[in-house]
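Visitor: What follows is a structure written as structure tokens; I'll ask about it next.
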Amino acid sequence: MIEKWDITIPELTGGQVRSAYLYLPDSYWEDTNRRYPVLYMFDGHNVFFDQDATYGKSWGMGAYMDATKTQVMIAAVECNHSPDHGRLKEYAPFSFQDPSIGRITGQGKQTMDWLVFTFKKEIDSHYRTLPDWKHTWIAGSSMGGLMSLYGLLQYNFVFSKAAALSPSLWTAASQIETMIQLSDVKPGTVLYMDYGQEELRNRKLMLDSFRRTADRLLEKGILLNSRIVPGGTHCEASWERQIPFFMNTLLYENG
């Protein structure tokens, strides 16, 4: 079952309404004593329903979870759709300059603070979660993938595992590398990180950036599952096909 409701994020967009989503396994109502891990995801409107998705195609996470009977909750929040690059701002850990869009002032810290200290707190208060570090994960794609990497490193006291699909490392490559080098992560921290084969052709030096990022993550002792997706492109249909790969990584030893 997927619950959907309206929320506001005053710290970011005042009274502007956006949607929040929560996937609950069927067993949630069958065993009222059971508690569940929670996977927090970015771009919530693209996670479950095609009719809500920006380009008419979602990840279909609910269908996958039901088909595999995966016993995990998924909490996701719609992004900022402001034409003034609202999504980029909210999902940028660092400010950056791009020739095609100009300067983006990053609000990633404000976004993560809200997710951790407000949204997660509400989910843990109203639902039977396992709120501890071991059972709290985060995932996203593109800028959401970058935010998942940022969340795992800078909020490692909350998140033990992350999935960063097609992370937008190009936005601030040197700052991202520095962040990794300066991060203090717990032993056992897990990251799934991928990039599409076809995507690599769209941005100059992307493969080199991906390689350096993976090297820095391994140097920090992060348990990294890193792959180049054969034929992978930058779209929900491609990311949907990666669900078994990143979910198996998140669930490993947590079955």
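Following the order of the structure tokens, first chain is A, next is B, and so on, with residues numbered from 1 inside each chain and ligands from 1 in the order they appear.
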Write out as a count of residues only the set of residues from region 27-127 of chain A that DSSP, computed on the backbone, places in helix (DSSP H, G or I).

Guide: 39

Visitor: Find the nearest atom pair between each residue of region 78-192 of chain A and region 4-23 of chain A for residues within 10 Å, count only C-alpha atoms, give distances in Å to one decimal, sort rows by chain and ascending number, and present the table as a Markdown table.

Guide:
```
| residue | atom | partner | partner_atom | distance |
| --- | --- | --- | --- | --- |
| A:Glu78 | CA | A:Ser19 | CA | 5.4 |
| A:Cys79 | CA | A:Arg18 | CA | 7.7 |
| A:Asn80 | CA | A:Arg18 | CA | 7.8 |
| A:His81 | CA | A:Arg18 | CA | 9.3 |
| A:Ser82 | CA | A:Thr13 | CA | 9.5 |
| A:Gly86 | CA | A:Thr13 | CA | 9.3 |
| A:Lys89 | CA | A:Leu12 | CA | 9.8 |
| A:Glu90 | CA | A:Leu12 | CA | 7.8 |
| A:Gln107 | CA | A:Leu12 | CA | 8.2 |
| A:Gln110 | CA | A:Glu11 | CA | 7.3 |
| A:Thr111 | CA | A:Leu12 | CA | 7.4 |
| A:Asp113 | CA | A:Glu11 | CA | 9.6 |
| A:Trp114 | CA | A:Ile9 | CA | 7.7 |
| A:Leu115 | CA | A:Ile9 | CA | 9.6 |
| A:Thr118 | CA | A:Ile9 | CA | 9.3 |
| A:Phe119 | CA | A:Ile9 | CA | 9.5 |
| A:Ile123 | CA | A:Leu22 | CA | 8.9 |
```

Visitor: Using only C-alpha atoms, which of A:His234, A:Arg227, A:Lys220, A:Lys186 sits nearest Asn202 (chain A)?

Guide: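 Using only C-alpha atoms, the shortest distance to Asn202 (chain A) belongs to A:His234.
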
Visitor: Do you know which residues are at most 10 Å from Phe94 (chain A) counting only C-alpha atoms, after dropping those on the same chain fewer than 5 positions away, and could you put them as a list in words?

Guide: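 Near neighbours after the sequence-gap exclusion: Lys89, Ile104, Thr105, Gly106, Gln107, Gly108, Lys109, Tyr150, Thr171, Ala172, Ala173, Gln175 and Ile176 of chain A.
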
Visitor: With N, CA, C and O atoms retained, write the just-selected residues as a short mmCIF file (atom, residue, chain, number, x, y, z; two decimals), in the first residue's frame.

Guide:
```
data_model
loop_
_atom_site.label_atom_id
_atom_site.label_comp_id
_atom_site.auth_asym_id
_atom_site.auth_seq_id
_atom_site.Cartn_x
_atom_site.Cartn_y
_atom_site.Cartn_z
N LYS A 89 18.51 23.63 -6.83
CA LYS A 89 18.92 24.32 -5.61
C LYS A 89 18.75 23.43 -4.38
O LYS A 89 19.65 23.31 -3.55
N ILE A 104 24.01 28.20 -9.45
CA ILE A 104 23.03 27.54 -8.59
C ILE A 104 23.52 27.63 -7.15
O ILE A 104 24.63 27.17 -6.84
N THR A 105 22.73 28.25 -6.29
CA THR A 105 23.06 28.35 -4.88
C THR A 105 22.52 27.12 -4.16
O THR A 105 21.30 26.94 -4.06
N GLY A 106 23.40 26.29 -3.70
CA GLY A 106 23.00 25.02 -3.10
C GLY A 106 22.26 25.16 -1.79
O GLY A 106 22.69 25.89 -0.90
N GLN A 107 21.15 24.43 -1.68
CA GLN A 107 20.37 24.38 -0.44
C GLN A 107 20.30 22.95 0.09
O GLN A 107 19.41 22.59 0.84
N GLY A 108 21.29 22.15 -0.30
CA GLY A 108 21.28 20.75 0.09
C GLY A 108 21.29 20.53 1.59
O GLY A 108 20.63 19.62 2.09
N LYS A 109 22.02 21.36 2.33
CA LYS A 109 22.07 21.19 3.78
C LYS A 109 20.70 21.45 4.40
O LYS A 109 20.24 20.70 5.27
N TYR A 150 25.76 12.60 -0.48
CA TYR A 150 25.97 13.65 0.53
C TYR A 150 25.35 13.25 1.87
O TYR A 150 25.98 13.38 2.93
N THR A 171 28.60 18.59 -10.88
CA THR A 171 28.23 19.91 -10.36
C THR A 171 29.33 20.55 -9.52
O THR A 171 29.48 21.77 -9.52
N ALA A 172 30.08 19.73 -8.79
CA ALA A 172 31.12 20.28 -7.90
C ALA A 172 32.12 19.17 -7.57
O ALA A 172 32.28 18.78 -6.42
N ALA A 173 32.79 18.67 -8.59
CA ALA A 173 33.63 17.48 -8.44
C ALA A 173 34.69 17.62 -7.36
O ALA A 173 34.88 16.72 -6.54
N GLN A 175 34.80 19.68 -4.77
CA GLN A 175 34.21 19.79 -3.44
C GLN A 175 33.69 18.44 -2.95
O GLN A 175 33.77 18.13 -1.76
N ILE A 176 33.17 17.65 -3.88
CA ILE A 176 32.69 16.32 -3.52
C ILE A 176 33.85 15.43 -3.07
O ILE A 176 33.76 14.72 -2.06
#
```

Visitor: Quick one: residues within 12 Å of Tyr36 (chain A), only C-alpha atoms counted, chain neighbours fewer than 4 positions away excluded, as a list of chain:residue names?

Guide: A:Tyr23, A:Leu24, A:Pro25, A:Asp26, A:Ser27, A:Tyr28, A:Asp31, A:Thr32, A:Thr70, A:Gln71, A:Val72, A:Met73, A:Ile74, A:Ala75, A:Ile123, A:Asp124, A:Tyr127, A:Arg128, A:Thr129, A:Leu130, A:Pro131, A:Asp132, A:Lys134, A:His135, A:Thr136, A:Trp137, A:Asn254, A:Gly255

Visitor: Between A:Glu198, A:Asp43, A:Asp66, A:Asp215, which residue has the minimum interatomic distance to Met1 (chain A), considering only C-alpha atoms?

Guide: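 With only C-alpha atoms as the atom set, the closest residue is A:Asp66.
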
Visitor: Considering only C-alpha atoms, can you say which of A:Val158, A:Ala92, A:Ala139, A:Met247 comes closest to Val116 (chain A)?

Guide: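 For Val116 (chain A), the nearest of the candidates is A:Val158.
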
Visitor: Between A:Lys120, A:Gln181, A:Ala214, A:Arg241, which is the closest to Leu39 (chain A) once you count only C-alpha atoms?

Guide: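 Among the listed residues, A:Lys120 lies closest to Leu39 (chain A).
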
Visitor: Pick out the residues sitting within 7 Å of Val185 (chain A), and hand them over as a list in words; count only C-alpha atoms, and ignore anything fewer than 3 positions along from it in its own chain.

Guide: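 With the cut-off at 7 Å, the set is Leu153, Asn156 and Thr189 of chain A.
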
Visitor: Restricting it to all heavy atoms, dump the selection as a CSV table (one decimal), in the first residue's frame.

Guide:
```
chain,number,residue,atom,x,y,z
A,153,LEU,N,27.4,10.6,3.7
A,153,LEU,CA,28.7,11.0,4.3
A,153,LEU,C,28.5,12.1,5.4
A,153,LEU,O,29.1,12.0,6.4
A,153,LEU,CB,29.5,11.6,3.1
A,153,LEU,CG,29.9,10.6,2.0
A,153,LEU,CD1,30.6,11.4,0.9
A,153,LEU,CD2,30.9,9.6,2.6
A,156,ASN,N,26.0,10.6,8.4
A,156,ASN,CA,26.3,9.2,8.6
A,156,ASN,C,25.8,8.7,9.9
A,156,ASN,O,25.6,7.5,10.2
A,156,ASN,CB,27.8,8.9,8.4
A,156,ASN,CG,28.1,7.4,8.4
A,156,ASN,OD1,28.8,6.9,9.2
A,156,ASN,ND2,27.5,6.7,7.4
A,189,THR,N,29.5,1.1,6.7
A,189,THR,CA,28.8,2.0,5.9
A,189,THR,C,28.8,1.5,4.4
A,189,THR,O,29.8,1.1,3.9
A,189,THR,CB,29.3,3.4,5.9
A,189,THR,OG1,29.2,4.0,7.2
A,189,THR,CG2,28.6,4.3,4.9
```

Visitor: Nearest residue to Gly44 (chain A) out of A:Gly144, A:Trp133, A:Glu30, A:Met112, using only C-alpha atoms?

Guide: A:Gly144

Visitor: Using Å and a single decimal, report how far CA of Ser174 (chain A) sits from CA of Leu205 (chain A).

Guide: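 Computing it gives 13.0 Å between the two atoms.
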
Visitor: Excluding same-chain residues fewer than 3 positions from region 53-62 of chain A, what lies within 8 Å of it counting only C-alpha atoms, as a VMD selection string?

Guide: chain A and resid 1 to 2 23 45 to 50 65 to 66 236 to 237 239 to 240 243

Visitor: I'd like the interatomic distance between CA of Ile101 (chain A) and CA of Leu149 (chain A), to a tenth of an Å.

Guide: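 These atoms are spaced 23.1 Å apart.
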
Visitor: So which residues touch Ala163 (chain A) within 7 Å, counting only C-alpha atoms, skipping near sequence neighbours fewer than 2 positions away, as a list in words?

Guide: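 Near neighbours after the sequence-gap exclusion: Ile138, Ala139, Gly140, Ser148, Leu165, Leu191, Tyr192, Met193 and Phe246 of chain A.
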
Visitor: Calculated over only C-alpha atoms, which of the candidates A:Phe210, A:Phe42, A:Phe157, A:Tyr195 has the smallest distance to Met143 (chain A)?

Guide: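 Comparing A:Phe210, A:Phe42, A:Phe157, A:Tyr195 against Met143 (chain A), the winner is A:Phe42.
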